[in-house]
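Let me begin by presenting the structure, written as structure tokens, before commenting on it.
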Amino acid sequence: MELTDKIFKFFGGIKPNGHKAISTINPIKRLPIPKKLIIPVRQHVGKVPNIKVSVGDKVLKGQILAEPIANISAATHSSSSGTVVAIESNKIPHPSGLPDICIAIETDGKDEWIKRNRIDPSNLSSEALYEKMKSSGIVGLGGATFPTHIKLNSNKIKTLIVNAAECEPYITCDDMAMQEKTKEFIEGIQITMDILKIPHAIIGIEDNKPKAIEKLKTVLNKSKNISIKVVPTVYPSGDEKRLIYLMLGLKISKEKRPVDFGIQVFNVATLISIGRFFYHSEPVISRIVTVTGALKRPNNYEALIGTPIQELIKDAGGKSDQEIIMGGPMMGFKLPHTDVSVTKAMNCLLAITDEMKSKDTFEMPCIRCTKCVEVCPAQLQPQELYWHAKSKQFEKLTEDYKLFDCIECGCCSYVCPSNIPLVQYYRYAKSEIRDQLKSSEVADIARERNEFRLYRLEREKKERAERNAQRRAQTSDSDKKKLIEEKKAAIAEAMKRIEEKEK
Amino acid sequence: MIAAILIILSITALIGLILGYASIKLKTDGDPIIDRIDKILPQTQCGQCGYPGCKPYATAIANGEADINQCPPGGDDGVHKLADLLGVEYKPLNAEHGETKPKSIAIIDESTCIGCTLCIQACPVDAIIGAAKQMHTIVEKECTGCELCLPPCPVDCIDMVEIPETTDNWKWKYPIHSIKQQN
């Protein structure tokens with residue numbers, strides 16, 4: 001695809017206050033190794049991996065704790081060395097507040113690595129590479145957590161797009177990573193290009209990150225393979241399809257994915273992880289988390305997966321009872337429990353500010369001002385979606401109003417003068433519709449099985465009748481007489497026995 | 001005059017032919033309304049409605065013999081959908097037919113099972129595997145939670161277990177916001 005300097009502005013979007021400066025003052029911080037790590041077994045989209053350790057086992061840093069069982073699954077590793085002290089259901093950072101299986105590791109402080117070798121992807125066959133990637137635990141670290149090995153297993157890719165837009169307010173983890181880990185980042189891009197066998201990559205970055213842009217430009221000075229495209233700061237430019245449109249002017253409809261156009265999009269943190277995995281054989285055992293909001297010392301932390309988030313919040317000058325949003329203020333969710341640990345999906349911990357609280361408390365009726373229509377980047381009718389979701393008219397939502405085109409970016413809620421939590425209505429409607437679809441599939445199977453059973457019973461009855469008729473037809477008249485006489489004799493004998501007994 | 005009669009006759013003959021052709025060619029097997037009702041029913045095949053399965057109940061509704069509020073597994077939503085489809089007034093579930101329970105599946109306590117095959121015969125969707133004097137087990141994926149296997153079991157070794165809410169089947173809830181007065 002030809003790269004032009006032109007920026008293709010997408011429809012809608014908003015320009016909220018970024019609040020990014022507060023967490024970029026100080027460099028990325030590392031905390032001492034926590035005494036106890038609580039590592040959720042599943043931190044990705046897909047199947048739960050198979051647990052490979054048991055309570056009492058000694059584990060080393062980077063050792064596999066759980067192995068993927070299917071293609072859409074990812075491995076989970078130990079973030080430090082120590083002893084497995086529990087494998088049990090524990091609180092996880094999930095909007096439901098429901099628990100999931102976690103592995104608790106008491107660290108020994110030695111932080112001892114397993115044996116590591118540099119992996120050269122050019123020496124590996126594509127199958128071996130796929131298997132290797134599968135064991136890396138790398139998933140989309142932008143927050144979607146889709147297993148990365150699937151995205152790398154394609155030979156149709158022509159363009160690699162690096163999503164460095166980081167458009168959500170408050171979040172600065174990718175910005176800081178690009179500033180401080182520039183070399184690792186470029187290495188990650190290089191190796192991803194090698195794996196995908198493509199010559200060119202484009203970094204898409206919002207113009208509100210001048211330091212990162214400058215740093216990248218100096219490092220990439222001579223490079224012809226990796227180019228930078230600075231895009232204007234409009235939320236949600238970090239949405240995959242929005243970013244592709246901004247950079248290339250290519251519109252991708254709901255039914256299609258970027259892969260269908262030979263484009264693959266990776267997030268900054270994911271690429272750094274890919275680089276680390278191949279250069280240092282380091283699986284995903286840590287990630288950069290922006291800890292910001294109503295805190296005394298907002299900062300970015302390179303935290304081990306499984307670190308209790310309270311340690312980060314405490315270090316950033318927060319209180320243990322503060323309400324925390326995981327992710328950004330636009331697309332994140334309020335954590336039901338704040339005594340959970342860092343996971344691969346956790347790009348940001350945002351302590352709720354008073355300003356946000358005041359917006360959250362009251363909802364007024366929709367006045368049909370259609371401000372939401374003006375900002376919806378998916379070009380939907382948010383007010384109609386709201387009416388139908390509220391009155392639970394799900395069929396109309398999917399057919400007429402294309403609910404599933406909604407990317408849940410939250411622009412509509414942001415501009416709504418009535419403070420309606422629109423996205424919450426859409427999420428509710430989406431999960432109801434998905435559940436209905438699933439139940440109707442289950443019902444179809446039950447119907448089929450019931451129909452087959454009725455058919456089987458009918459068939460068995462018929463077969464039995466046929467067998468009997470056949471037997472009857474096969475026996476000749478003389479045989480029949482003989483049979484009847486035999487039976488009569490048997491009855492007579494029995495009667496005789498009874499008579500004798502009675503005597 | 002004659003021309004007019006001929007024209008009218010030929011038109012009627014033509015329409016007759018089209019209608020006759022259509023009635024043969026476009027004939028539908030079965031009653032589509034029964035299938036549409038059946039599509040709404042949850043296919044639990046539990047018989048709580050008083051009919052031996054979902055299809056017979058659908059047939060009875062279509063024939064006007066049964067009411068639309070006799071299916072507890074379908075719940076209130078189901079009644080609403082049936083009312084919408086048939087253009088009749090919604091009515092609350094008839095308590096005589098039982099109440100809506102959370103979705104459950106049957107689990108056989110395999111150490112108590114004596115292998116009598118009675119539950120296998122009762123299961124409307126053939127979700128129980130086993131043979132005479134062999135331990136039985138339930139294919140969880142196929143179980144509709146109809147509870148029909150419970151009464152025939154002579155040793156009471158079948159339990160209904162509610163499907164727990166996990167992060168996999170969890171659903172976003174309807175947004176409830178307290179309408180608070182601003183101070």
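Identifiers in this document derive from the order of the structure tokens: chains are assigned A, B, ..., residues are numbered from 1 separately in each chain, and ligands are numbered from 1 in order of occurrence.
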
Output as a tab-separated table one row per residue of chain A within 7 Å of chain B: the closest atom pair and its distance in Å to one decimal place, counting only C-alpha atoms, sorted by chain and residue number ascending.
```
residue	atom	partner	partner_atom	distance
A:Ser96	CA	B:Trp170	CA	6.9
A:Leu98	CA	B:Thr167	CA	6.3
A:Thr361	CA	B:Lys180	CA	6.5
A:Phe362	CA	B:Ile179	CA	5.3
A:Glu363	CA	B:Ile179	CA	6.4
A:Gln424	CA	B:Pro175	CA	6.2
A:Tyr425	CA	B:Pro175	CA	6.3
A:Arg427	CA	B:Trp172	CA	6.1
A:Tyr428	CA	B:Trp172	CA	4.7
A:Ser431	CA	B:Lys171	CA	5.4
A:Glu432	CA	B:Lys171	CA	6.9
A:Ala443	CA	B:Gln43	CA	5.2
A:Ala446	CA	B:Gln43	CA	6.0
A:Arg447	CA	B:Gln43	CA	5.8
A:Arg449	CA	B:Val125	CA	5.0
A:Asn450	CA	B:Val125	CA	4.6
A:Arg453	CA	B:Val125	CA	6.6
```

Quick one: write out the picked residues with N, CA, C and O atoms as a PDB file, in the first residue's frame?
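And here's again.pdb as it stands now:
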```pdb
ATOM      1  N   SER A  96     -17.437  -8.298  35.998  1.00  0.00           N
ATOM      2  CA  SER A  96     -18.471  -9.048  36.715  1.00  0.00           C
ATOM      3  C   SER A  96     -18.167  -9.153  38.199  1.00  0.00           C
ATOM      4  O   SER A  96     -19.064  -9.374  39.000  1.00  0.00           O
ATOM      5  N   LEU A  98     -16.708 -11.627  39.299  1.00  0.00           N
ATOM      6  CA  LEU A  98     -16.698 -13.064  39.566  1.00  0.00           C
ATOM      7  C   LEU A  98     -15.252 -13.566  39.682  1.00  0.00           C
ATOM      8  O   LEU A  98     -14.357 -13.041  39.042  1.00  0.00           O
ATOM      9  N   THR A 361     -23.517  10.325  38.671  1.00  0.00           N
ATOM     10  CA  THR A 361     -24.589  10.102  39.631  1.00  0.00           C
ATOM     11  C   THR A 361     -26.011  10.215  39.102  1.00  0.00           C
ATOM     12  O   THR A 361     -26.907   9.582  39.608  1.00  0.00           O
ATOM     13  N   PHE A 362     -26.252  11.047  38.151  1.00  0.00           N
ATOM     14  CA  PHE A 362     -27.655  11.150  37.734  1.00  0.00           C
ATOM     15  C   PHE A 362     -27.834  11.043  36.225  1.00  0.00           C
ATOM     16  O   PHE A 362     -26.971  11.448  35.453  1.00  0.00           O
ATOM     17  N   GLU A 363     -28.959  10.489  35.859  1.00  0.00           N
ATOM     18  CA  GLU A 363     -29.264  10.275  34.445  1.00  0.00           C
ATOM     19  C   GLU A 363     -30.583  10.972  34.165  1.00  0.00           C
ATOM     20  O   GLU A 363     -31.544  10.819  34.911  1.00  0.00           O
ATOM     21  N   GLN A 424     -23.295   1.528  28.466  1.00  0.00           N
ATOM     22  CA  GLN A 424     -23.762   0.460  29.353  1.00  0.00           C
ATOM     23  C   GLN A 424     -25.015  -0.201  28.797  1.00  0.00           C
ATOM     24  O   GLN A 424     -25.189  -1.403  28.917  1.00  0.00           O
ATOM     25  N   TYR A 425     -25.893   0.589  28.187  1.00  0.00           N
ATOM     26  CA  TYR A 425     -27.097   0.018  27.567  1.00  0.00           C
ATOM     27  C   TYR A 425     -26.710  -0.878  26.381  1.00  0.00           C
ATOM     28  O   TYR A 425     -27.292  -1.935  26.175  1.00  0.00           O
ATOM     29  N   ARG A 427     -23.834  -2.429  25.932  1.00  0.00           N
ATOM     30  CA  ARG A 427     -23.175  -3.643  26.402  1.00  0.00           C
ATOM     31  C   ARG A 427     -24.211  -4.631  26.906  1.00  0.00           C
ATOM     32  O   ARG A 427     -24.128  -5.835  26.644  1.00  0.00           O
ATOM     33  N   TYR A 428     -25.193  -4.098  27.629  1.00  0.00           N
ATOM     34  CA  TYR A 428     -26.266  -4.948  28.136  1.00  0.00           C
ATOM     35  C   TYR A 428     -26.989  -5.625  26.960  1.00  0.00           C
ATOM     36  O   TYR A 428     -27.161  -6.839  26.946  1.00  0.00           O
ATOM     37  N   SER A 431     -24.818  -8.302  25.181  1.00  0.00           N
ATOM     38  CA  SER A 431     -24.650  -9.587  25.861  1.00  0.00           C
ATOM     39  C   SER A 431     -25.973 -10.345  25.925  1.00  0.00           C
ATOM     40  O   SER A 431     -25.984 -11.574  25.873  1.00  0.00           O
ATOM     41  N   GLU A 432     -27.103  -9.618  25.994  1.00  0.00           N
ATOM     42  CA  GLU A 432     -28.394 -10.315  25.940  1.00  0.00           C
ATOM     43  C   GLU A 432     -28.582 -10.997  24.581  1.00  0.00           C
ATOM     44  O   GLU A 432     -29.020 -12.142  24.508  1.00  0.00           O
ATOM     45  N   ALA A 443     -31.102 -24.748  21.791  1.00  0.00           N
ATOM     46  CA  ALA A 443     -32.469 -25.223  21.589  1.00  0.00           C
ATOM     47  C   ALA A 443     -32.573 -26.005  20.278  1.00  0.00           C
ATOM     48  O   ALA A 443     -33.261 -27.027  20.211  1.00  0.00           O
ATOM     49  N   ALA A 446     -31.282 -29.397  20.850  1.00  0.00           N
ATOM     50  CA  ALA A 446     -32.232 -30.176  21.650  1.00  0.00           C
ATOM     51  C   ALA A 446     -33.407 -30.618  20.791  1.00  0.00           C
ATOM     52  O   ALA A 446     -33.870 -31.757  20.885  1.00  0.00           O
ATOM     53  N   ARG A 447     -33.872 -29.706  19.920  1.00  0.00           N
ATOM     54  CA  ARG A 447     -35.006 -30.048  19.062  1.00  0.00           C
ATOM     55  C   ARG A 447     -34.625 -31.201  18.134  1.00  0.00           C
ATOM     56  O   ARG A 447     -35.363 -32.170  17.984  1.00  0.00           O
ATOM     57  N   ARG A 449     -32.289 -33.424  18.534  1.00  0.00           N
ATOM     58  CA  ARG A 449     -32.096 -34.674  19.278  1.00  0.00           C
ATOM     59  C   ARG A 449     -33.425 -35.279  19.684  1.00  0.00           C
ATOM     60  O   ARG A 449     -33.602 -36.496  19.664  1.00  0.00           O
ATOM     61  N   ASN A 450     -34.377 -34.425  20.045  1.00  0.00           N
ATOM     62  CA  ASN A 450     -35.695 -34.914  20.414  1.00  0.00           C
ATOM     63  C   ASN A 450     -36.397 -35.529  19.205  1.00  0.00           C
ATOM     64  O   ASN A 450     -36.988 -36.603  19.282  1.00  0.00           O
ATOM     65  N   ARG A 453     -34.902 -38.821  18.474  1.00  0.00           N
ATOM     66  CA  ARG A 453     -35.328 -39.832  19.449  1.00  0.00           C
ATOM     67  C   ARG A 453     -36.715 -40.366  19.090  1.00  0.00           C
ATOM     68  O   ARG A 453     -36.957 -41.580  19.096  1.00  0.00           O
TER      69      ARG A 453
END
```

(request) Give me the residues within 8 Å of Met364 of chain A as a PyMOL selection string, counting only C-alpha atoms and dropping any in the same chain fewer than 2 places off. (result) chain A and resi 362+366+418-420

Write the residues of the selection above to a file with C-alpha atoms, as a PDB file, in the first residue's frame.
```pdb
ATOM      1  CA  PHE A 362     -27.655  11.150  37.734  1.00  0.00           C
ATOM      2  CA  CYS A 366     -33.058  11.598  26.348  1.00  0.00           C
ATOM      3  CA  SER A 418     -28.482  14.065  29.830  1.00  0.00           C
ATOM      4  CA  ASN A 419     -25.624  11.993  31.259  1.00  0.00           C
ATOM      5  CA  ILE A 420     -27.082   8.764  29.959  1.00  0.00           C
TER       6      ILE A 420
END
```

(request) Enumerate as JSON, numbers by chain all residues of chain B assigned to strand (DSSP E or B) by DSSP on the backbone, naming them with the chain letters and numbers the document uses. (result) {"B": [104, 105, 106, 107, 108, 128, 129, 137, 138, 158, 159, 160, 161, 162]}

Okay, now the selection with all heavy atoms, as a CSV table (one decimal), in the first residue's frame?
```csv
chain,number,residue,atom,x,y,z
B,104,SER,N,-30.5,-25.3,34.9
B,104,SER,CA,-29.8,-26.4,35.6
B,104,SER,C,-29.5,-27.6,34.7
B,104,SER,O,-30.2,-27.7,33.6
B,104,SER,CB,-30.6,-26.9,36.8
B,104,SER,OG,-31.0,-25.9,37.6
B,105,ILE,N,-28.6,-28.4,35.1
B,105,ILE,CA,-28.5,-29.7,34.4
B,105,ILE,C,-28.5,-30.8,35.4
B,105,ILE,O,-28.2,-30.6,36.6
B,105,ILE,CB,-27.2,-29.7,33.5
B,105,ILE,CG1,-26.0,-29.4,34.4
B,105,ILE,CG2,-27.3,-28.9,32.3
B,105,ILE,CD1,-24.7,-29.7,33.7
B,106,ALA,N,-28.8,-32.0,34.9
B,106,ALA,CA,-28.9,-33.2,35.8
B,106,ALA,C,-27.5,-33.8,35.9
B,106,ALA,O,-26.7,-33.8,35.0
B,106,ALA,CB,-29.8,-34.2,35.2
B,107,ILE,N,-27.1,-34.2,37.1
B,107,ILE,CA,-25.9,-34.9,37.4
B,107,ILE,C,-26.2,-36.2,38.1
B,107,ILE,O,-26.9,-36.2,39.1
B,107,ILE,CB,-24.9,-34.0,38.3
B,107,ILE,CG1,-24.6,-32.7,37.6
B,107,ILE,CG2,-23.7,-34.8,38.6
B,107,ILE,CD1,-23.6,-32.7,36.5
B,108,ILE,N,-25.6,-37.3,37.6
B,108,ILE,CA,-25.8,-38.6,38.2
B,108,ILE,C,-24.7,-38.9,39.2
B,108,ILE,O,-23.6,-38.7,38.9
B,108,ILE,CB,-25.9,-39.7,37.1
B,108,ILE,CG1,-27.1,-39.6,36.2
B,108,ILE,CG2,-25.8,-41.1,37.8
B,108,ILE,CD1,-27.2,-40.6,35.1
B,128,ILE,N,-28.4,-39.2,28.1
B,128,ILE,CA,-27.9,-40.1,29.1
B,128,ILE,C,-27.3,-41.3,28.4
B,128,ILE,O,-27.9,-42.0,27.6
B,128,ILE,CB,-28.9,-40.5,30.2
B,128,ILE,CG1,-29.6,-39.3,30.7
B,128,ILE,CG2,-28.3,-41.3,31.3
B,128,ILE,CD1,-30.7,-39.6,31.7
B,129,ILE,N,-26.0,-41.6,28.8
B,129,ILE,CA,-25.3,-42.8,28.3
B,129,ILE,C,-25.2,-43.9,29.3
B,129,ILE,O,-25.0,-43.6,30.5
B,129,ILE,CB,-23.9,-42.4,27.8
B,129,ILE,CG1,-23.9,-41.2,27.0
B,129,ILE,CG2,-23.3,-43.6,27.0
B,129,ILE,CD1,-22.6,-40.7,26.6
B,137,THR,N,-24.2,-42.1,32.8
B,137,THR,CA,-23.7,-40.7,33.0
B,137,THR,C,-24.4,-39.8,32.0
B,137,THR,O,-25.0,-40.2,31.0
B,137,THR,CB,-22.2,-40.6,32.8
B,137,THR,OG1,-21.7,-39.4,33.3
B,137,THR,CG2,-21.7,-40.8,31.4
B,138,ILE,N,-24.4,-38.5,32.4
B,138,ILE,CA,-25.2,-37.5,31.6
B,138,ILE,C,-24.2,-36.7,30.7
B,138,ILE,O,-23.2,-36.3,31.2
B,138,ILE,CB,-26.0,-36.6,32.5
B,138,ILE,CG1,-27.2,-37.4,33.0
B,138,ILE,CG2,-26.5,-35.4,31.7
B,138,ILE,CD1,-28.0,-36.8,34.1
B,158,ILE,N,-30.0,-38.9,41.0
B,158,ILE,CA,-29.8,-37.8,40.1
B,158,ILE,C,-30.1,-36.5,40.8
B,158,ILE,O,-31.2,-36.4,41.4
B,158,ILE,CB,-30.7,-38.0,38.8
B,158,ILE,CG1,-30.5,-39.4,38.2
B,158,ILE,CG2,-30.4,-36.9,37.8
B,158,ILE,CD1,-31.4,-39.7,37.0
B,159,ASP,N,-29.3,-35.5,40.6
B,159,ASP,CA,-29.5,-34.2,41.2
B,159,ASP,C,-29.5,-33.2,40.1
B,159,ASP,O,-28.7,-33.3,39.1
B,159,ASP,CB,-28.3,-33.9,42.2
B,159,ASP,CG,-28.5,-34.6,43.5
B,159,ASP,OD1,-29.6,-34.6,44.0
B,159,ASP,OD2,-27.5,-35.2,43.9
B,160,MET,N,-30.3,-32.2,40.3
B,160,MET,CA,-30.3,-31.0,39.4
B,160,MET,C,-29.3,-30.0,40.0
B,160,MET,O,-29.4,-29.6,41.1
B,160,MET,CB,-31.7,-30.4,39.3
B,160,MET,CG,-32.7,-31.3,38.7
B,160,MET,SD,-32.3,-32.0,37.1
B,160,MET,CE,-32.2,-30.6,36.0
B,161,VAL,N,-28.3,-29.7,39.1
B,161,VAL,CA,-27.3,-28.7,39.6
B,161,VAL,C,-27.4,-27.4,38.7
B,161,VAL,O,-27.4,-27.5,37.5
B,161,VAL,CB,-25.9,-29.3,39.4
B,161,VAL,CG1,-24.8,-28.3,39.9
B,161,VAL,CG2,-25.8,-30.5,40.3
B,162,GLU,N,-27.6,-26.3,39.4
B,162,GLU,CA,-27.7,-25.0,38.8
B,162,GLU,C,-26.4,-24.7,38.0
B,162,GLU,O,-25.3,-25.0,38.6
B,162,GLU,CB,-27.9,-24.0,39.8
B,162,GLU,CG,-28.8,-22.9,39.3
B,162,GLU,CD,-29.1,-21.9,40.5
B,162,GLU,OE1,-29.9,-22.2,41.4
B,162,GLU,OE2,-28.5,-20.8,40.4
```

(request) Calculate how many Å separate atom CA of His77 of chain A from atom CA of Asp120 of chain A, rounding to one decimal. (result)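 Atom-to-atom, atom CA of His77 of chain A and atom CA of Asp120 of chain A are spaced 21.2 Å apart.
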
(request) Provide the atom CA of Lys357 of chain A to atom CA of Gly327 of chain A distance in Å, to one decimal place. (result)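 A separation of 16.4 Å between them.
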
(message) Residues within 9 Å of Val139 of chain A, please, as JSON, numbers by chain. Count only C-alpha atoms; anything in the same chain fewer than 4 positions from it doesn't count.
(response) {"A": [43, 44, 45, 74, 143, 144, 145, 146, 147, 148, 149, 270, 284, 344, 345]}

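Of the residues under consideration (B:Ala83, B:Cys46, B:Asp76, B:Ile34), B:Ile34 shows the shortest atom-to-atom contact distance to Thr59 of chain B when counting only C-alpha atoms.
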
(request) Grab the atom CA of Cys348 of chain A to atom CA of Val84 of chain A distance for me, in Å with one decimal place. (result)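 Pair atom CA of Cys348 of chain A / atom CA of Val84 of chain A returns 27.4 Å.
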
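Of the residues listed (B:Ile2, B:Cys149, B:Ile37, B:Val139), B:Cys149 shows the shortest atom-to-atom separation from Ile120 of chain B; distances use only C-alpha atoms.
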
(request) Can you work out which one of B:Ile163, B:Gly115, B:Gly74, B:Gly47 has the shortest atom-to-atom distance to Glu99 of chain B, counting only C-alpha atoms? (result)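 Closest to Glu99 of chain B of all the choices is B:Gly74.
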
(request) Per DSSP on the backbone, filter segment 244-418 of chain A down to the residues in helix (DSSP H, G or I) and report them as a ChimeraX atom specification. (result) /A:244-248,258-261,268-280,309-315,354-360,371-375,382-390,394-399,403-405,411-415

(request) For Ile228 of chain A, work out the shell of residues within 10 Å, counting only C-alpha atoms and skipping chain neighbours fewer than 4 positions away, then give it as a VMD selection string. (result) chain A and resid 161 to 162 164 201 to 205 213 216 to 217 220

(request) Compare B:Cys146, B:Cys113, B:Val155, B:Leu14 by their minimum atom-to-atom distance to Gln48 of chain B, counting only C-alpha atoms, and give me the closest one. (result)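 Among B:Cys146, B:Cys113, B:Val155, B:Leu14, it is B:Cys146 that comes nearest to Gln48 of chain B.
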